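To keep things clear, I will list the structure first and then write my remarks on it.
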Amino acid sequence: MSTQKKLFSSLFLLITFFSFSQQNQGFTVSGKVVENSGQTIPYATIIIEKTGLSVITDENGNYIFKNVPTGKHTLKISAIGFAVYKKQIEVSGNLNVSVKMETESQELESVTVLGRSSVDKVNKQAYNVTAVDAKKLHNSTLDLAHALDRVSGVRFREAGGVGSRSELSINGFSGNQIKIFIDGVPMDNFGSSFQINNIPINLADRVEVYKGVVPIWLGGDALGGAVNIVTNSKPRTYVDASYSFGSFNTFKTAINAGYTSKSGFTTEINAFQNYSDNNYWVNVETNDLETGKYYPETRVRRFHDNYHNETVIFNVGITGKKYADKLMIGFTAGQNKADIQTGARMVAVFGERYRRGNTLMPTLKYQVKDLFTKGLNVNITGNFNFGYEQTVDTVNRRYNWFGQYRQNDGPGGEAGRSLYKFKNNNGIATFNASYAIGEHHSLLINNTFNTFNRKGSDELYPESITYQQPEKLQKNILAAGYKFDYNEKWSTSLFVKNYDLSTTLTRSYNPSGNWGDVAYMELNDKSSNLGYGGASSYYLMRNVQLKASYEKTYRLPTSNEIFGDPNDNLQGNNNLKPESSNNVNLGLSYQTSFNDFNALTFDVNGIYRNSTDFIRTEFNNNQNKTVTVNQGSVKTKGIDGEIRYSYKKRFTSGINMTYQDIRNMTKYEPEQNYVSYYYKDRVPNIPYLFGNLDATVFFNDVFKKGNNLSAGYNLLYVHAYYLYWPSRGGSSGKHDIPTQFKHDLNLVYTMANGKYNIALECQNLLDNELVDNFSLQKPSRAFYLKFRYFFNKSNK
């Protein structure tokens, strides 16, 4: 804890120093920017002309200028979708100026790049970040994960269809190396009923994708990036309801609603369900159990892959008070059941095995600005999941891909007889504080605490002492940072992090040497590591931004990696060590518009990673499960870029590509005195070249004024890559995952200015074979239809 005390002491000294050193050199100009209806306008750009002063409104439409010189000035306010507004002001003291903006009436005056254009406030950060405007996808049937699959540098990898095991990969890092947050709260303990590939896109307002260095206000131990799902937190009264159905007997429902009274009383509910038979076509090799005939390649339907989940999130509290901008108590409840069709590879076929679980999680959120003193903002969250997980495997059969089976005598299971049911008793608490010291300086501190204590039993083996062994883990990540905003052109952030890990587990041994004699030895392990880094952004011109960032970071092993997860065919490895990496990111972005009709954006980012004890996933010895292991040294070099173009509000298109060279630099494997066969090989089972292309055409006032139609196309390309180490086998004997193309089409018709919406989609139009995660096949061609109703009442 000495490191934490040093961090707190340093932070206190910095606050004291800057607090006494500030001098008021002018007056403040502040206010709020709203629509005619009274709805606030977040992230509007406000400039005091001829002074070089500019700010962006916060999420509640508020803004403030400090040290404004006396005299007459002109305020210029601009926001996407609104006419530019100018107002003359005279400053002779502190001034409050609130503004009402008119909706843009002339279409050609507002040239906007549609699609994945980033929110200004997110883009201006010094970090390598892309913001996905989720609102533009609310009429689609996409979940959050598949929406992210269209972002440069990002791959969403899954083991099958709806509800299957999945992970995100960002610039070569994947799985638990990438941290996922919802409104800044880590999703580490949300359970199987609330995962990124079953959350509807309508839950999000935008999604922020950080590639590489992650800002410290997102607490945790991300190694290579993070995803922050940002919901619409503005107090409002609204209903957003949708229902979709389609191929493979797939049904999805989502209802999001909220109410805020004039007194500030607020209640919110988010409910969604997903159901699918997942009986899509796959190409496999199999034997006929009746005739014995071997089929090296045949096309069959999956027959044991039903999935459903239901989740409700309820929050109630107050907003807009002096003592609490937001104080919400909530509860998340969910359940899911998923048939298990295969093991870690498709050669293992199951017909009765399944998993199920639930989420029972109380939550607390508290946000307040200017606590005790001007500029001190505090955010506190907490949750604890009391839910359980279980794998059911009690039928002693062996299945093939035709659905045929052989019944074996006696008790048994398909992968291992089990009714093991466990609770992870997982809780997370976060504390985040920022303190603005004058116009240019701010300090930040974040602490994220995670506790895990698995308790389980198996009614088939009630006397087994195996399930009575302790499996405990605690993490605490403390971070402190300093941000210096020299002017609108240059911004720099510096930070330091301390990573603490404590685990309690047991290892079995034979105390007597006699066969079958087993005892357990309890092991307690603690480790602490110090990381650091910084990020800087500079505008060469108003529309040309340079970014650079570096960090020495650590990623602590997760509870599932250490103890295993029966629900995910994951074998535990209690010898795992924390992985560390030196990460460098460079970025350039350019935005322009011309001829009052066209707009263009260009982004390119370069990455370099030098990782030690890199944690990656491979097959276990039997190849029926996966296990995570440390790879001594891995180096990653890569580049990703995106170009987007739009013509008025009639057409938008974009293309992005990612190349990443991920090499094993472990020259000598443990206990070997010769050079590894895989030295300088590409790390297997990770795509190294992939990209997306999309185009959308918009038609306004179709059939009736206020009714609009759009037609879109999306192409996903993934280049071939090796399933195993490239040095294994001969030139004709390597196992690879072939090049893949996925074509998607969509039609969206909106009525009454977006109140009623209908969407028709075709995914994997050409019915190409798509594979991922150890060559597990993903869905064949599918069609979906979605109906959506949206109502929003502004709170004046």
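The chains in the structure tokens are called A, B, ... from first to last as shown; in each chain the residues are counted from 1, and the ligands are counted from 1 in the order shown.
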
Self-check item: Exercise: Thr617 in chain A partners within 8 Å, only C-alpha atoms, chain neighbours under 5 positions left out, as a VMD selection string
Solution: chain A and resid 626 to 629

Export of the given selection (C-alpha atoms) as a CSV table (one decimal), in the first residue's frame:
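That gives us result_3.csv:
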```
chain,number,residue,atom,x,y,z
A,626,THR,CA,-9.1,-24.1,-24.4
A,627,VAL,CA,-6.6,-22.9,-21.9
A,628,THR,CA,-4.8,-19.5,-21.4
A,629,VAL,CA,-1.0,-19.5,-21.3
```

Exercise. For Asn450 in chain A, please output as a ChimeraX atom specification all residues within 7 Å (counting only C-alpha atoms; exclusion window: fewer than 4 positions along the same chain).
Key: /A:427-429,474-476

Quiz item: Taking into account only C-alpha atoms, which residue in the set A:Ser418, A:Thr612, A:Asn426, A:Asn198 is nearest to Asn336 in chain A?
Solution: A:Asn198

Quiz prompt | Two-atom distance - CA of Pro684 in chain A, CA of Gly654 in chain A (Å) | solution =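 Those two atoms sit 29.5 Å apart.
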
Quiz prompt | In range 310-430 of chain A, DSSP strand (DSSP E) residues written as a VMD selection string | solution = chain A and resid 310 to 319 326 to 339 354 to 368 376 to 385 388 to 392 397 to 399 405 to 407 421 to 423 426 to 430

Quiz prompt | Those in range 174-284 of chain A with helix (DSSP H, G or I) from DSSP, as a ChimeraX atom specification | solution = /A:175-177,201-203,247-249

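You can rank A:Asn189, A:Ile170, A:Asp221, A:Phe699 by their closest distance to Thr451 in chain A using only C-alpha atoms, and at the top of that list sits A:Asn189.
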
Quiz item: Out of A:Asn757, A:Thr57, A:Gln177, A:Thr359, which residue has the shortest atom-to-atom distance to His138 in chain A when counting only C-alpha atoms?
Solution: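 Counting only C-alpha atoms, the residue closest to His138 in chain A is A:Asn757.
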